[in-house]
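One file, query09.cif, carrying mmCIF, C-alpha atoms, pLDDT in the B column; chains and numbers go by the auth columns:
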data_structure
loop_
_atom_site.group_PDB
_atom_site.id
_atom_site.type_symbol
_atom_site.label_atom_id
_atom_site.label_comp_id
_atom_site.label_asym_id
_atom_site.label_seq_id
_atom_site.Cartn_x
_atom_site.Cartn_y
_atom_site.Cartn_z
_atom_site.B_iso_or_equiv
_atom_site.auth_seq_id
_atom_site.auth_asym_id
ATOM 1 C CA MET A 1 0.000 0.000 0.000 82.00 1 A
ATOM 2 C CA ILE A 2 2.951 2.331 0.487 88.00 2 A
ATOM 3 C CA ASN A 3 3.636 2.409 -3.261 91.00 3 A
ATOM 4 C CA ILE A 4 -0.035 3.074 -3.990 93.00 4 A
ATOM 5 C CA LYS A 5 0.073 6.019 -1.566 91.00 5 A
ATOM 6 C CA LYS A 6 3.190 7.325 -3.325 91.00 6 A
ATOM 7 C CA LEU A 7 1.488 7.062 -6.726 90.00 7 A
ATOM 8 C CA ALA A 8 -1.573 8.877 -5.382 89.00 8 A
ATOM 9 C CA ASN A 9 0.648 11.605 -3.993 86.00 9 A
ATOM 10 C CA ILE A 10 2.343 12.040 -7.386 84.00 10 A
ATOM 11 C CA LEU A 11 -1.044 12.218 -9.125 83.00 11 A
ATOM 12 C CA ASN A 12 -2.519 14.513 -6.458 80.00 12 A
ATOM 13 C CA ALA A 13 -5.261 12.012 -5.580 85.00 13 A
ATOM 14 C CA ASP A 14 -6.777 10.584 -2.417 87.00 14 A
ATOM 15 C CA VAL A 15 -6.812 6.797 -2.010 91.00 15 A
ATOM 16 C CA ILE A 16 -9.973 5.024 -0.878 91.00 16 A
ATOM 17 C CA LEU A 17 -10.230 1.291 -0.144 92.00 17 A
ATOM 18 C CA LEU A 18 -13.765 0.073 -0.831 91.00 18 A
ATOM 19 C CA SER A 19 -15.086 -3.185 0.618 91.00 19 A
ATOM 20 C CA ILE A 20 -17.587 -4.753 -1.776 90.00 20 A
ATOM 21 C CA ARG A 21 -19.262 -7.027 0.754 90.00 21 A
ATOM 22 C CA ASP A 22 -19.631 -4.441 3.535 89.00 22 A
ATOM 23 C CA LYS A 23 -20.162 -1.468 1.188 86.00 23 A
ATOM 24 C CA LYS A 24 -17.763 0.521 3.358 87.00 24 A
ATOM 25 C CA ALA A 25 -15.100 2.926 2.211 85.00 25 A
ATOM 26 C CA ASN A 26 -11.972 3.840 4.145 84.00 26 A
ATOM 27 C CA TYR A 27 -9.463 6.511 3.256 83.00 27 A
ATOM 28 C CA ILE A 28 -5.890 5.316 3.320 82.00 28 A
ATOM 29 C CA ASP A 29 -4.903 8.788 4.543 71.00 29 A
ATOM 30 C CA ASN A 30 -7.310 10.569 6.852 58.00 30 A
ATOM 31 C CA CYS A 31 -9.486 13.094 5.021 57.00 31 A
ATOM 32 C CA SER A 32 -12.491 14.798 6.509 49.00 32 A
ATOM 33 C CA ASN A 33 -13.777 17.606 4.293 54.00 33 A
ATOM 34 C CA ASP A 34 -17.198 17.655 2.618 50.00 34 A
ATOM 35 C CA TYR A 35 -15.822 16.693 -0.804 52.00 35 A
ATOM 36 C CA ASP A 36 -14.438 13.496 0.633 64.00 36 A
ATOM 37 C CA LYS A 37 -17.775 12.614 2.205 72.00 37 A
ATOM 38 C CA ASP A 38 -19.480 13.133 -1.165 71.00 38 A
ATOM 39 C CA ALA A 39 -16.939 10.846 -2.859 74.00 39 A
ATOM 40 C CA VAL A 40 -17.459 8.114 -0.261 80.00 40 A
ATOM 41 C CA ASN A 41 -21.244 8.368 -0.614 79.00 41 A
ATOM 42 C CA LEU A 42 -20.944 8.148 -4.406 78.00 42 A
ATOM 43 C CA LEU A 43 -18.860 4.980 -4.116 83.00 43 A
ATOM 44 C CA THR A 44 -20.910 3.180 -1.483 83.00 44 A
ATOM 45 C CA GLU A 45 -24.216 3.944 -3.201 81.00 45 A
ATOM 46 C CA ASN A 46 -22.923 2.584 -6.520 79.00 46 A
ATOM 47 C CA VAL A 47 -20.775 -0.361 -5.436 84.00 47 A
ATOM 48 C CA ASN A 48 -22.852 -2.778 -7.561 82.00 48 A
ATOM 49 C CA LEU A 49 -21.991 -0.779 -10.671 81.00 49 A
ATOM 50 C CA LEU A 50 -18.284 -1.082 -9.860 84.00 50 A
ATOM 51 C CA THR A 51 -18.213 -4.875 -9.514 84.00 51 A
ATOM 52 C CA ASN A 52 -19.003 -5.731 -13.140 83.00 52 A
ATOM 53 C CA HIS A 53 -15.779 -4.413 -14.689 86.00 53 A
ATOM 54 C CA ALA A 54 -12.112 -4.128 -13.701 92.00 54 A
ATOM 55 C CA TYR A 55 -11.714 -0.380 -14.260 93.00 55 A
ATOM 56 C CA HIS A 56 -14.165 2.503 -13.964 91.00 56 A
ATOM 57 C CA SER A 57 -13.893 6.263 -14.072 89.00 57 A
ATOM 58 C CA LEU A 58 -16.744 7.977 -12.284 86.00 58 A
ATOM 59 C CA ASN A 59 -17.077 11.567 -13.447 81.00 59 A
ATOM 60 C CA TYR A 60 -19.173 14.184 -11.728 74.00 60 A
ATOM 61 C CA ASN A 61 -19.201 17.928 -11.033 72.00 61 A
ATOM 62 C CA SER A 62 -16.425 18.101 -8.447 72.00 62 A
ATOM 63 C CA GLY A 63 -13.985 15.642 -9.988 77.00 63 A
ATOM 64 C CA HIS A 64 -13.588 12.028 -10.915 83.00 64 A
ATOM 65 C CA ILE A 65 -12.810 8.765 -9.201 89.00 65 A
ATOM 66 C CA LEU A 66 -10.783 6.027 -10.871 92.00 66 A
ATOM 67 C CA THR A 67 -11.746 2.618 -9.468 93.00 67 A
ATOM 68 C CA VAL A 68 -9.757 -0.587 -9.815 95.00 68 A
ATOM 69 C CA ARG A 69 -11.177 -3.920 -8.712 95.00 69 A
ATOM 70 C CA VAL A 70 -8.100 -5.600 -7.238 95.00 70 A
ATOM 71 C CA THR A 71 -9.743 -8.638 -5.604 93.00 71 A
ATOM 72 C CA VAL A 72 -13.179 -10.202 -5.404 92.00 72 A
ATOM 73 C CA GLU A 73 -13.834 -8.185 -2.235 93.00 73 A
ATOM 74 C CA LYS A 74 -11.814 -4.969 -2.684 94.00 74 A
ATOM 75 C CA ILE A 75 -11.739 -1.951 -4.952 94.00 75 A
ATOM 76 C CA ILE A 76 -9.020 0.694 -4.783 95.00 76 A
ATOM 77 C CA CYS A 77 -10.181 4.163 -5.734 92.00 77 A
ATOM 78 C CA PHE A 78 -8.155 7.237 -6.656 91.00 78 A
ATOM 79 C CA SER A 79 -10.243 10.337 -6.013 87.00 79 A
ATOM 80 C CA PHE A 80 -9.335 13.485 -7.957 82.00 80 A
ATOM 81 C CA ASN A 81 -10.885 16.710 -6.654 77.00 81 A
ATOM 82 C CA TYR A 82 -11.140 19.341 -9.400 73.00 82 A
ATOM 83 C CA ASN A 83 -11.968 22.023 -6.847 69.00 83 A
ATOM 84 C CA GLU A 84 -8.405 21.813 -5.521 61.00 84 A
ATOM 85 C CA TYR A 85 -6.822 22.481 -8.921 53.00 85 A
ATOM 86 C CA SER A 86 -5.985 26.144 -9.186 53.00 86 A
ATOM 87 C CA SER A 87 -2.530 26.523 -10.679 45.00 87 A
ATOM 88 C CA LEU A 88 -1.360 25.702 -14.189 48.00 88 A
ATOM 89 C CA ASN A 89 0.795 22.899 -12.752 54.00 89 A
ATOM 90 C CA ASN A 90 -2.253 21.258 -11.161 57.00 90 A
ATOM 91 C CA GLU A 91 -4.261 21.645 -14.372 63.00 91 A
ATOM 92 C CA LEU A 92 -1.536 19.749 -16.215 63.00 92 A
ATOM 93 C CA LEU A 93 -1.649 17.019 -13.566 60.00 93 A
ATOM 94 C CA MET A 94 -5.424 16.807 -14.013 63.00 94 A
ATOM 95 C CA LEU A 95 -5.050 16.567 -17.793 68.00 95 A
ATOM 96 C CA HIS A 96 -2.414 13.855 -17.357 64.00 96 A
ATOM 97 C CA SER A 97 -4.602 11.802 -15.006 65.00 97 A
ATOM 98 C CA LEU A 98 -7.555 11.972 -17.398 69.00 98 A
ATOM 99 C CA SER A 99 -5.510 11.080 -20.478 75.00 99 A
ATOM 100 C CA ASN A 100 -3.872 8.067 -18.837 83.00 100 A
ATOM 101 C CA LEU A 101 -6.785 6.350 -17.116 89.00 101 A
ATOM 102 C CA LYS A 102 -6.029 2.844 -18.360 91.00 102 A
ATOM 103 C CA VAL A 103 -2.305 3.011 -17.645 91.00 103 A
ATOM 104 C CA THR A 104 -2.944 4.417 -14.167 92.00 104 A
ATOM 105 C CA ALA A 105 -5.547 1.732 -13.434 94.00 105 A
ATOM 106 C CA GLN A 106 -3.180 -1.030 -14.569 95.00 106 A
ATOM 107 C CA LEU A 107 -0.403 0.403 -12.425 94.00 107 A
ATOM 108 C CA ILE A 108 -2.666 0.462 -9.352 95.00 108 A
ATOM 109 C CA TYR A 109 -3.684 -3.153 -9.995 95.00 109 A
ATOM 110 C CA THR A 110 -0.081 -4.294 -10.379 95.00 110 A
ATOM 111 C CA LEU A 111 1.119 -2.411 -7.303 94.00 111 A
ATOM 112 C CA TYR A 112 -1.603 -4.005 -5.164 94.00 112 A
ATOM 113 C CA THR A 113 -1.517 -7.573 -6.470 94.00 113 A
ATOM 114 C CA ASN A 114 2.027 -7.950 -7.846 94.00 114 A
ATOM 115 C CA ASP A 115 0.381 -9.613 -10.876 94.00 115 A
ATOM 116 C CA SER A 116 -0.053 -8.501 -14.467 94.00 116 A
ATOM 117 C CA ALA A 117 -3.004 -6.171 -14.839 94.00 117 A
ATOM 118 C CA PRO A 118 -5.978 -7.005 -17.055 93.00 118 A
ATOM 119 C CA ASN A 119 -5.998 -5.281 -20.429 92.00 119 A
ATOM 120 C CA ASP A 120 -9.622 -4.187 -19.980 91.00 120 A
ATOM 121 C CA GLU A 121 -10.810 -0.794 -21.122 90.00 121 A
ATOM 122 C CA VAL A 122 -11.855 1.862 -18.621 89.00 122 A
ATOM 123 C CA LEU A 123 -15.620 2.300 -18.419 87.00 123 A
ATOM 124 C CA ILE A 124 -16.474 5.960 -18.011 84.00 124 A
ATOM 125 C CA THR A 125 -19.675 6.817 -16.169 82.00 125 A
ATOM 126 C CA ARG A 126 -21.061 10.320 -15.823 78.00 126 A
ATOM 127 C CA PHE A 127 -23.151 10.457 -12.701 69.00 127 A
ATOM 128 C CA THR A 128 -25.471 13.136 -13.992 61.00 128 A
ATOM 129 C CA ASP A 129 -27.084 10.588 -16.274 48.00 129 A
ATOM 130 C CA LYS A 130 -25.303 7.279 -15.484 53.00 130 A
ATOM 131 C CA ILE A 131 -24.463 6.691 -19.140 50.00 131 A
ATOM 132 C CA HIS A 132 -21.623 4.236 -19.751 48.00 132 A
ATOM 133 C CA ILE A 133 -19.108 5.280 -22.343 48.00 133 A
ATOM 134 C CA ASP A 134 -16.741 2.544 -23.449 48.00 134 A
ATOM 135 C CA LYS A 135 -13.388 4.117 -24.233 48.00 135 A
ATOM 136 C CA LYS A 136 -12.289 2.223 -27.356 48.00 136 A
ATOM 137 C CA ASN A 137 -9.572 4.246 -29.086 49.00 137 A
ATOM 138 C CA TYR A 138 -7.019 5.004 -26.418 50.00 138 A
ATOM 139 C CA MET A 139 -4.690 7.751 -27.624 57.00 139 A
ATOM 140 C CA PRO A 140 -2.216 9.125 -25.084 61.00 140 A
ATOM 141 C CA PHE A 141 -1.883 12.878 -24.773 61.00 141 A
ATOM 142 C CA ASP A 142 1.006 14.220 -26.856 64.00 142 A
ATOM 143 C CA PRO A 143 2.036 17.734 -25.740 65.00 143 A
ATOM 144 C CA ALA A 144 4.382 18.020 -28.753 69.00 144 A
ATOM 145 C CA PHE A 145 1.289 18.331 -30.956 63.00 145 A
ATOM 146 C CA PHE A 146 0.625 21.793 -29.501 63.00 146 A
ATOM 147 C CA LEU A 147 4.222 22.964 -29.925 64.00 147 A
ATOM 148 C CA ARG A 148 4.193 22.834 -33.712 56.00 148 A
#
For the file at hand, write its structure as structure tokens.
Amino acid sequence: MINIKKLANILNADVILLSIRDKKANYIDNCSNDYDKDAVNLLTENVNLLTNHAYHSLNYNSGHILTVRVTVEKIICFSFNYNEYSSLNNELLMLHSLSNLKVTAQLIYTLYTNDSAPNDEVLITRFTDKIHIDKKNYMPFDPAFFLR
């Protein structure tokens, strides 16, 4: 879990461990603001949605949560709060996290299990309408494109 915490710190995310059976979420690092409570409620209310695929990205007004089902009973979640992003540096981190969802999810899986990660696509769900969007054509962000 130490390496997962380090990755979350690099990506400016909070780590949540979600128990599927108990429908309980625990922050790996203690967080107590209102945003965090909203994220936990979002996860616990929709745990059934998260159990049918290896990787999900849950998008909503305040941010997004990347979920990775690491065992039959556990899901690791990286919670990204858009309200905290104010500087250009943080906006670039946000853009990076959104453009590398699959790679980040596979890295989380591998760090937790020490096994090869599934090559599944990330299912993106917008919680305003709960529409699933299957991300088929994964194209990594290339900043050189804008420097031409």
Counting all atoms listed in the file, the option among A:Tyr60, A:Phe78, A:His53, A:Ile4 closest to Asn119 (chain A):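 Nearest candidate to Asn119 (chain A) out of A:Tyr60, A:Phe78, A:His53, A:Ile4: A:His53.
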Expansion of the PyMOL selection byres ((chain A and resi 67-69) around 8) into residues, as number ranges by chain: A: 50-51, 53-58, 65-66, 70-72, 74-78, 105, 108-109
Looking at all atoms listed in the file, which of A:Val15, A:Met1, A:Ser99, A:Asp29 is the one that sits closest to Thr113 (chain A)?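 Closest residue, counting all atoms listed in the file: A:Met1.
The two atoms in question, CA of Leu7 (chain A) and CA of Tyr82 (chain A), are spaced 17.8 Å apart.
Going from CA of Glu73 (chain A) over to CA of Ile20 (chain A), you cover 5.1 Å.
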Kindly provide, as lines of an AutoDock Vina configuration file, the centre and edge lengths (Å, one decimal) of an axis-aligned box around all atoms of region 102-107 of chain A given in the file, with 8 Å on each side.
center_x = -3.2
center_y = 1.7
center_z = -15.4
size_x = 21.6
size_y = 21.4
size_z = 21.9
